[in-house]
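Enquirer: target12.txt is reproduced below (compact mmCIF, C-alpha atoms).
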# COMPACT_ATOMS: atom_id res chain seq x y z
CA MET A 1 -10.03 -2.66 19.48
CA ASN A 2 -6.90 -1.64 17.61
CA ILE A 3 -5.83 1.98 17.10
CA ASP A 4 -3.51 2.76 14.21
CA ILE A 5 -2.21 6.29 13.77
CA ASN A 6 -0.69 7.82 10.66
CA TYR A 7 1.73 10.15 12.41
CA GLU A 8 2.74 11.81 9.16
CA LYS A 9 -0.79 13.26 8.91
CA THR A 10 -1.80 13.58 12.54
CA HIS A 11 -0.02 15.23 15.43
CA PHE A 12 -1.68 13.97 18.56
CA ASN A 13 -0.24 14.29 22.03
CA PHE A 14 1.58 11.03 22.64
CA ASN A 15 0.94 11.10 26.38
CA TYR A 16 -2.73 10.58 25.59
CA PHE A 17 -1.98 7.46 23.57
CA SER A 18 0.39 6.11 26.19
CA ILE A 19 -2.68 6.01 28.44
CA CYS A 20 -4.82 4.44 25.72
CA ARG A 21 -2.36 1.61 25.13
CA LYS A 22 -3.04 0.27 28.61
CA GLN A 23 -6.38 -1.01 27.34
CA LEU A 24 -6.11 -0.89 23.55
CA CYS A 25 -3.77 -2.36 20.99
CA SER A 26 -2.13 0.52 19.19
CA GLY A 27 0.15 1.07 16.25
CA ILE A 28 1.78 4.02 14.50
CA PHE A 29 2.61 4.50 10.83
CA TRP A 30 5.32 7.03 9.97
CA ARG A 31 7.65 7.98 7.16
CA TYR A 32 10.85 8.96 8.87
CA ASP A 33 12.19 11.13 11.70
CA TYR A 34 9.00 12.18 13.52
CA PHE A 35 10.29 10.74 16.78
CA ASN A 36 13.37 12.86 17.32
CA ASP A 37 12.06 14.15 20.62
CA GLY A 38 12.98 10.90 22.36
CA ASN A 39 9.40 9.92 23.25
CA TYR A 40 9.05 6.23 22.35
CA SER A 41 6.61 5.17 25.06
CA VAL A 42 3.51 4.92 22.89
CA GLY A 43 1.99 1.99 21.08
CA ASN A 44 3.11 -1.58 20.73
CA GLU A 45 3.70 -1.74 16.99
CA TYR A 46 5.27 0.64 14.49
CA SER A 47 5.09 0.55 10.70
CA LYS A 48 7.76 2.27 8.63
CA LEU A 49 7.43 2.91 4.92
CA GLY A 50 10.73 2.00 3.29
CA TYR A 51 11.20 2.08 -0.46
CA SER A 52 14.55 0.38 -0.68
CA GLY A 53 17.52 -0.92 1.24
CA ASN A 54 19.58 1.28 -1.03
CA ALA A 55 19.96 4.86 0.20
CA GLU A 56 20.18 6.35 -3.30
CA ASP A 57 16.98 4.64 -4.49
CA HIS A 58 15.07 5.53 -1.32
CA ASP A 59 16.02 9.22 -1.41
CA TYR A 60 15.33 9.28 -5.15
CA ILE A 61 11.73 8.16 -4.55
CA THR A 62 11.03 10.38 -1.52
CA ARG A 63 12.79 13.36 -3.15
CA ILE A 64 14.24 14.14 0.27
CA LYS A 65 18.00 14.00 0.54
CA GLY A 66 19.05 12.07 3.63
CA SER A 67 15.61 10.54 4.27
CA TRP A 68 16.98 6.98 4.12
CA LYS A 69 19.63 7.79 6.72
CA ARG A 70 17.06 9.35 9.05
CA SER A 71 14.68 6.46 8.52
CA MET A 72 17.32 3.88 9.43
CA SER A 73 18.23 5.89 12.51
CA VAL A 74 14.64 5.69 13.78
CA VAL A 75 14.38 1.99 12.88
CA LYS A 76 17.54 1.28 14.88
CA GLN A 77 16.29 3.21 17.92
CA PHE A 78 12.98 1.36 17.97
CA SER A 79 14.77 -1.95 17.47
CA ASP A 80 17.08 -1.20 20.41
CA LEU A 81 13.98 -0.55 22.52
CA GLY A 82 12.46 -3.90 21.53
CA VAL A 83 9.48 -2.33 19.77
CA PRO A 84 7.89 -4.62 17.09
CA LEU A 85 8.46 -3.14 13.65
CA ASN A 86 6.92 -3.58 10.21
CA LEU A 87 8.89 -2.29 7.23
CA LYS A 88 6.46 -1.68 4.38
CA CYS A 89 7.68 -1.47 0.81
CA CYS A 90 5.73 -0.64 -2.36
CA ILE A 91 7.42 -2.29 -5.33
CA MET A 92 7.55 -0.04 -8.40
CA ARG A 93 9.73 0.71 -11.39
CA SER A 94 12.00 2.93 -9.32
CA ASN A 95 13.00 0.26 -6.78
CA VAL A 96 12.28 -3.06 -8.50
CA ARG A 97 15.96 -3.98 -8.52
CA SER A 98 16.58 -3.07 -4.88
CA TYR A 99 13.29 -3.71 -3.01
CA HIS A 100 14.60 -7.07 -1.77
CA LEU A 101 17.18 -5.25 0.35
CA VAL A 102 14.35 -4.12 2.65
CA ALA A 103 14.05 -7.76 3.78
CA ASP A 104 17.74 -7.76 4.70
CA ILE A 105 17.30 -4.60 6.78
CA ALA A 106 14.22 -6.08 8.44
CA LYS A 107 16.20 -9.18 9.40
CA GLN A 108 19.02 -7.04 10.77
CA TYR A 109 16.67 -5.12 13.09
CA GLY A 110 14.23 -7.92 13.94
CA ALA A 111 11.43 -6.35 11.88
CA MET A 112 8.77 -7.86 9.62
CA PRO A 113 9.02 -6.88 5.93
CA GLN A 114 5.74 -6.25 4.10
CA PHE A 115 5.82 -5.96 0.30
CA THR A 116 3.05 -4.92 -2.07
CA VAL A 117 2.79 -4.62 -5.85
CA SER A 118 -0.64 -2.96 -5.72
CA LEU A 119 -0.16 0.73 -6.44
CA ILE A 120 -3.16 3.07 -6.23
CA ASN A 121 -3.61 6.35 -8.06
CA SER A 122 -4.22 9.48 -6.00
CA LEU A 123 -7.75 10.68 -5.31
CA ASP A 124 -7.30 13.96 -7.20
CA GLY A 125 -7.52 12.19 -10.56
CA ASP A 126 -3.79 12.01 -11.26
CA LYS A 127 -2.92 8.72 -13.03
CA CYS A 128 0.86 9.03 -12.78
CA VAL A 129 1.21 6.03 -10.47
CA SER A 130 -0.43 3.52 -12.79
CA ARG A 131 1.11 5.05 -15.91
CA TYR A 132 4.69 5.57 -14.81
CA LEU A 133 5.37 3.59 -11.62
CA GLN A 134 3.39 0.36 -12.05
CA LEU A 135 5.58 -2.56 -13.10
CA PRO A 136 5.36 -3.78 -16.69
CA GLN A 137 4.08 -7.34 -17.10
CA ASP A 138 7.45 -9.04 -17.59
CA ALA A 139 8.86 -7.48 -14.42
CA LEU A 140 5.63 -8.06 -12.47
CA GLU A 141 5.68 -11.77 -13.33
CA LEU A 142 9.18 -12.05 -11.92
CA VAL A 143 8.32 -10.18 -8.72
CA LEU A 144 5.23 -12.38 -8.25
CA ARG A 145 7.58 -15.39 -8.14
CA ASP A 146 9.14 -13.95 -4.96
CA ASP A 147 7.63 -15.95 -2.08
CA ARG A 148 7.94 -12.93 0.21
CA ILE A 149 5.20 -11.16 -1.78
CA PRO A 150 1.64 -11.67 -0.44
CA LEU A 151 0.39 -12.16 -4.02
CA TYR A 152 3.13 -14.72 -4.72
CA VAL A 153 2.13 -17.06 -7.54
CA LYS A 154 2.74 -20.79 -7.63
CA GLU A 155 0.96 -23.49 -9.61
CA GLN A 156 -1.96 -23.63 -7.18
CA SER A 157 -2.65 -19.98 -6.36
CA LYS A 158 -6.26 -20.02 -7.42
CA ARG A 159 -8.94 -19.41 -4.80
CA PRO A 160 -12.60 -18.48 -5.23
CA VAL A 161 -13.14 -14.75 -4.98
CA GLU A 162 -15.34 -13.66 -2.10
CA LYS A 163 -16.91 -10.43 -0.91
CA PRO A 164 -14.18 -8.73 1.13
CA ARG A 165 -14.79 -8.00 4.78
CA CYS A 166 -14.05 -4.64 6.34
CA GLU A 167 -12.43 -5.56 9.64
CA ALA A 168 -11.29 -2.13 10.77
CA PHE A 169 -12.51 1.43 10.75
CA CYS A 170 -10.48 4.51 10.01
CA ILE A 171 -10.87 7.91 11.68
CA THR A 172 -9.47 10.82 9.69
CA PRO A 173 -7.90 13.88 11.38
CA GLU A 174 -11.18 15.71 10.62
CA GLY A 175 -13.15 13.11 12.58
CA ASN A 176 -14.71 11.29 9.62
CA LEU A 177 -15.34 7.58 10.15
CA GLN A 178 -14.41 5.39 7.19
CA LEU A 179 -14.82 1.67 6.61
CA CYS A 180 -11.09 1.41 5.97
CA CYS A 181 -8.09 3.67 5.39
CA ALA A 182 -8.21 2.53 1.74
CA PHE A 183 -11.95 3.28 1.47
CA PRO A 184 -12.26 7.11 1.54
CA SER A 185 -16.03 7.27 1.95
CA SER A 186 -17.29 8.83 5.17
CA LEU A 187 -19.97 7.09 7.24
CA GLY A 188 -20.32 10.09 9.52
CA ASN A 189 -18.34 12.49 11.64
CA LEU A 190 -17.47 11.69 15.24
CA ARG A 191 -17.58 15.37 16.11
CA ASN A 192 -21.29 15.39 15.37
CA GLU A 193 -22.46 11.94 16.53
CA THR A 194 -21.26 9.01 18.57
CA PHE A 195 -19.49 5.97 17.19
CA PHE A 196 -22.32 3.75 18.44
CA ASN A 197 -24.96 5.87 16.71
CA ILE A 198 -23.10 5.70 13.39
CA LEU A 199 -22.87 1.91 13.60
CA GLN A 200 -26.53 1.48 14.46
CA ASN A 201 -28.25 4.05 12.27
CA ASN A 202 -26.16 4.48 9.14
CA LYS A 203 -27.84 3.83 5.78
CA GLU A 204 -24.58 3.48 3.90
CA LEU A 205 -23.22 0.98 6.40
CA ASN A 206 -26.45 -1.01 6.38
CA TRP A 207 -26.35 -1.06 2.58
CA TRP A 208 -22.78 -2.35 2.61
CA ARG A 209 -23.64 -5.10 5.10
CA ASN A 210 -26.22 -6.44 2.63
CA VAL A 211 -23.98 -6.32 -0.44
CA THR A 212 -23.08 -9.72 -1.93
CA LEU A 213 -20.54 -10.70 -4.57
CA ASP A 214 -23.35 -10.78 -7.13
CA ASP A 215 -23.79 -7.02 -6.66
CA PHE A 216 -20.30 -6.32 -8.01
CA GLU A 217 -20.38 -5.38 -11.69
CA GLN A 218 -17.70 -7.77 -12.99
CA CYS A 219 -15.96 -9.27 -9.98
CA GLY A 220 -16.22 -13.05 -9.85
CA LYS A 221 -17.44 -13.36 -13.44
CA TYR A 222 -14.11 -14.16 -15.15
CA GLU A 223 -11.51 -16.88 -14.68
CA TYR A 224 -8.84 -14.41 -13.59
CA CYS A 225 -11.12 -13.14 -10.79
CA ASP A 226 -10.01 -16.16 -8.72
CA TYR A 227 -6.56 -14.56 -8.65
CA CYS A 228 -7.78 -11.15 -7.51
CA ASN A 229 -7.30 -9.60 -4.10
CA LEU A 230 -10.69 -7.86 -4.29
CA CYS A 231 -10.71 -4.51 -2.48
CA PRO A 232 -13.81 -2.26 -2.67
CA GLY A 233 -11.74 0.62 -1.31
CA VAL A 234 -9.39 0.46 -4.31
CA ASN A 235 -12.45 0.23 -6.56
CA PHE A 236 -13.95 3.33 -4.93
CA SER A 237 -10.69 5.30 -5.11
CA GLU A 238 -10.35 4.68 -8.84
CA THR A 239 -13.95 4.63 -10.07
CA GLY A 240 -16.02 6.32 -7.35
CA ASN A 241 -18.02 3.10 -6.95
CA PRO A 242 -16.94 0.24 -4.65
CA LEU A 243 -18.74 -2.24 -6.91
CA THR A 244 -16.93 -1.23 -10.11
CA PRO A 245 -13.60 -3.03 -10.52
CA ALA A 246 -10.39 -1.02 -10.53
CA THR A 247 -8.30 -1.51 -13.67
CA THR A 248 -5.10 -1.88 -11.63
CA SER A 249 -6.59 -4.76 -9.62
CA CYS A 250 -7.85 -6.47 -12.77
CA GLN A 251 -4.47 -6.13 -14.46
CA ILE A 252 -2.64 -7.75 -11.56
CA ALA A 253 -5.24 -10.53 -11.38
CA GLN A 254 -4.85 -11.24 -15.09
CA VAL A 255 -1.06 -11.37 -14.80
CA ARG A 256 -1.33 -13.74 -11.83
CA CYS A 257 -3.77 -15.98 -13.73
CA GLU A 258 -1.56 -16.13 -16.84
CA LEU A 259 1.53 -16.77 -14.72
CA ALA A 260 -0.15 -19.65 -12.88
CA GLU A 261 -1.09 -21.22 -16.22
CA LYS A 262 2.51 -20.90 -17.42
CA LEU A 263 3.76 -22.60 -14.27
CA LYS A 264 1.32 -25.48 -14.77
CA LEU A 265 2.88 -26.02 -18.18
CA GLY A 266 6.38 -25.92 -16.71
CA ASN A 267 7.20 -22.46 -18.04
CA ASP A 268 8.72 -20.64 -15.08
CA PRO A 269 9.90 -17.13 -16.04
CA LEU A 270 12.74 -17.51 -13.54
CA ASN A 271 14.19 -20.39 -15.58
CA GLY A 272 16.39 -21.53 -12.70
CA LYS A 273 17.63 -18.06 -11.78
CA THR A 274 16.80 -15.91 -8.78
CA VAL A 275 14.26 -13.11 -8.99
CA GLN A 276 17.00 -10.50 -8.61
CA GLU A 277 19.15 -12.03 -11.35
CA CYS A 278 16.23 -11.95 -13.78
CA LEU A 279 15.24 -8.38 -12.90
CA SER A 280 18.80 -7.14 -13.40
CA SER A 281 18.92 -8.65 -16.87
CA ILE A 282 15.61 -7.27 -18.20
CA PHE A 283 14.95 -3.98 -16.45
CA LYS A 284 16.51 -0.75 -17.68
CA GLU A 285 17.53 2.07 -15.43
CA ILE A 286 14.27 3.87 -14.61
CA ARG A 287 15.85 7.32 -14.77
CA GLN A 288 16.92 6.72 -18.35
CA ILE A 289 13.35 5.70 -19.22
CA LEU A 290 11.70 8.76 -17.67
CA SER A 291 14.37 11.44 -18.06
CA PRO A 292 13.00 12.87 -21.33
CA ILE A 293 9.57 13.43 -19.76
CA LYS A 294 8.99 16.97 -18.53
CA ASN A 295 6.61 18.58 -16.10
CA ILE A 296 3.16 18.73 -17.69
CA LYS A 297 -0.01 20.49 -16.68
CA ILE A 298 -3.01 18.26 -16.01
CA LYS A 299 -6.61 18.94 -15.08
CA THR A 300 -8.01 17.13 -12.05
CA GLN A 301 -11.30 17.28 -10.24
CA TYR A 302 -9.73 19.86 -7.94
CA GLY A 303 -8.56 22.12 -10.77
CA PHE A 304 -5.27 22.46 -12.62
CA GLY A 305 -1.96 21.42 -11.18
CA TYR A 306 1.54 20.59 -12.26
CA VAL A 307 2.71 17.02 -11.87
CA LEU A 308 6.37 16.06 -11.96
CA LYS A 309 6.78 13.42 -14.65
CA SER A 310 10.57 13.28 -14.69
CA PHE A 311 12.43 11.74 -11.80
Could I get this file's structure written as structure tokens?
Expert:
Amino acid sequence: MNIDINYEKTHFNFNYFSICRKQLCSGIFWRYDYFNDGNYSVGNEYSKLGYSGNAEDHDYITRIKGSWKRSMSVVKQFSDLGVPLNLKCCIMRSNVRSYHLVADIAKQYGAMPQFTVSLINSLDGDKCVSRYLQLPQDALELVLRDDRIPLYVKEQSKRPVEKPRCEAFCITPEGNLQLCCAFPSSLGNLRNETFFNILQNNKELNWWRNVTLDDFEQCGKYEYCDYCNLCPGVNFSETGNPLTPATTSCQIAQVRCELAEKLKLGNDPLNGKTVQECLSSIFKEIRQILSPIKNIKIKTQYGFGYVLKSF
């Protein structure tokens, strides 16, 4: 069993987990300086969310002045202690020209860089991520030619789409048991019943075990589906139904499919240049693009709220 803790959202006593790690594989996800008390004895893997190797870009995205400096301080301390590190980076408009620097930092500290181009909208109905942060197609094609990206596209990137497997459970701070951290649908609450009882007597879980690819509404029915990283959790987050495809996933799959076809015809968007050289030549400064946009009031399923549209 593997225990992963989002320390930004949970504040457990670390002495407890230092006992747990004797028998369980454990990992901690954090944003920046939550470990300033000097206690580094817990877990055997740490994941750090880093938006850029450039301090200005990183602080610009987090909206916290000095967050990059604090993040790098923690990364260095864990590296000095020999703790395995993963540096996770979401590639978006704001950091598309500097995301690659995260790989350089990872190499410097003996960490593993993890990049993703799949951005998910928030559960409150706000669509700002897909509207304003998702990469446009020309930039996405270039990033997908970076072999450090899990969805990297080459001529033979096609693979038959399959029903995804849920290989890990997630326990929220409230005690709700989820199929995955990306699948916010509760199977039950561990405060009210045991883990074993939920696994054995849960209608929703039994239903999911019997789901096949044919049950999905559109998945697997189009040519571009063979280029999709099908995730029912992303589907559920966007549509409220794990069997209804998320538009963001379909868009990325379509871009990957079209890019693969271009490569087969010898039309590489890189045209002999590096990914970074191409991005620098086509992508405008994101702050100039978004600076005219003001705060606007939107209605979500949780009521009205103000969302910052300008960066």
Enquirer: I'd like the neighbourhood of stretch 226-229 of chain A as an MDAnalysis selection string, where a residue qualifies if any of its atoms comes within 10 Å (using all atoms listed in the file), though same-chain residues fewer than 5 positions away should be ignored.
Expert: chainID A and resid 118 150:151 153 157:162 164 219:221 249:258 260
Enquirer: Just give me the gap between atom CA of A:Gly272 and atom CA of A:Met112 in Å, one decimal is fine.
Expert: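 Between atom CA of A:Gly272 and atom CA of A:Met112 the gap is 27.3 Å.
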Enquirer: Considering all atoms listed in the file, return as an MDAnalysis selection string whatever protein or nucleic-acid residues lie within 9 Å of A:Ile120, sequence-local ones (same chain, fewer than 5 positions apart) excluded.
Expert: chainID A and resid 127 129:130 234 237:238 248
Enquirer: Kindly extract all protein, DNA and RNA residues lying within 12 Å of the coordinates (-14.9, 16.1, 7.9) given in the file, considering only C-alpha atoms, and supply them as a list in words.
Expert: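 The answer, in the requested form, is Ile171, Thr172, Pro173, Glu174, Gly175, Asn176, Leu177, Gln178, Pro184, Ser185, Ser186, Leu187, Gly188, Asn189, Leu190, Arg191 and Asn192 of chain A.
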Enquirer: Out of A:Lys203, A:His100, A:Lys154, A:Lys273, which residue has the shortest atom-to-atom distance to A:Thr116 when counting only C-alpha atoms?
Expert: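 The answer is A:His100, which sits nearest to A:Thr116.
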Enquirer: Can you work out which one of A:Ala139, A:Ile91, A:Leu144, A:Leu230 has the shortest atom-to-atom distance to A:Leu119, counting only C-alpha atoms?
Expert: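 Answer, going by the shortest atom-to-atom distance: A:Ile91.
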Enquirer: Which of these residues is nearest to A:His58, using all atoms listed in the file: A:Cys128, A:Leu199, A:Met72, A:Cys181?
Expert: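 Among A:Cys128, A:Leu199, A:Met72, A:Cys181, it is A:Met72 that comes nearest to A:His58.
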Enquirer: Go ahead and compute the interatomic distance for atom CA of A:Asn86 and atom CA of A:Ile149, in Å to one decimal.
Expert: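 Separation of atom CA of A:Asn86 and atom CA of A:Ile149: 14.3 Å.
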Enquirer: So how many Å separate atom CA of A:Val143 and atom CA of A:Val275, to one decimal?
Expert: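 Going from atom CA of A:Val143 over to atom CA of A:Val275, I get 6.6 Å.
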Enquirer: Which is closer to A:Ser280 than all the others in A:Glu261, A:Asn202, A:Ser98, A:Asp147, using all atoms listed in the file?
Expert: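 Answer, going by the shortest atom-to-atom distance: A:Ser98.
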Enquirer: Using only C-alpha atoms, pick whichever of A:Gln108, A:Asn235, A:Ser67, A:Asn210 has the shortest atom-to-atom distance to A:Leu85.
Expert: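 That would be A:Gln108, the residue with the smallest distance to A:Leu85.
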Enquirer: In terms of the shortest atom-to-atom distance over only C-alpha atoms, which of A:Pro245, A:Gly233, A:Phe196, A:Arg145 is closest to A:Gln218?
Expert: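 Closest residue, counting only C-alpha atoms: A:Pro245.
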Enquirer: Can you pull out every residue within 7 Å of stretch 92-95 of chain A, counting only C-alpha atoms, but drop anything in the same chain fewer than 5 positions away, and send it as a list in words?
Expert: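 My list of contacting residues is Tyr51, Ser52, Asp57, Leu133, Gln134, Leu135 and Ile286 of chain A.
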Enquirer: Using C-alpha atoms, can you write the selected residues to a file as an mmCIF file, keeping the file's coordinate frame?
Expert:
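The result, written out as result-v5.cif:
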data_model
loop_
_atom_site.group_PDB
_atom_site.id
_atom_site.type_symbol
_atom_site.label_atom_id
_atom_site.label_comp_id
_atom_site.auth_asym_id
_atom_site.auth_seq_id
_atom_site.Cartn_x
_atom_site.Cartn_y
_atom_site.Cartn_z
ATOM 1 C CA TYR A 51 11.200 2.080 -0.460
ATOM 2 C CA SER A 52 14.550 0.380 -0.680
ATOM 3 C CA ASP A 57 16.980 4.640 -4.490
ATOM 4 C CA LEU A 133 5.370 3.590 -11.620
ATOM 5 C CA GLN A 134 3.390 0.360 -12.050
ATOM 6 C CA LEU A 135 5.580 -2.560 -13.100
ATOM 7 C CA ILE A 286 14.270 3.870 -14.610
#
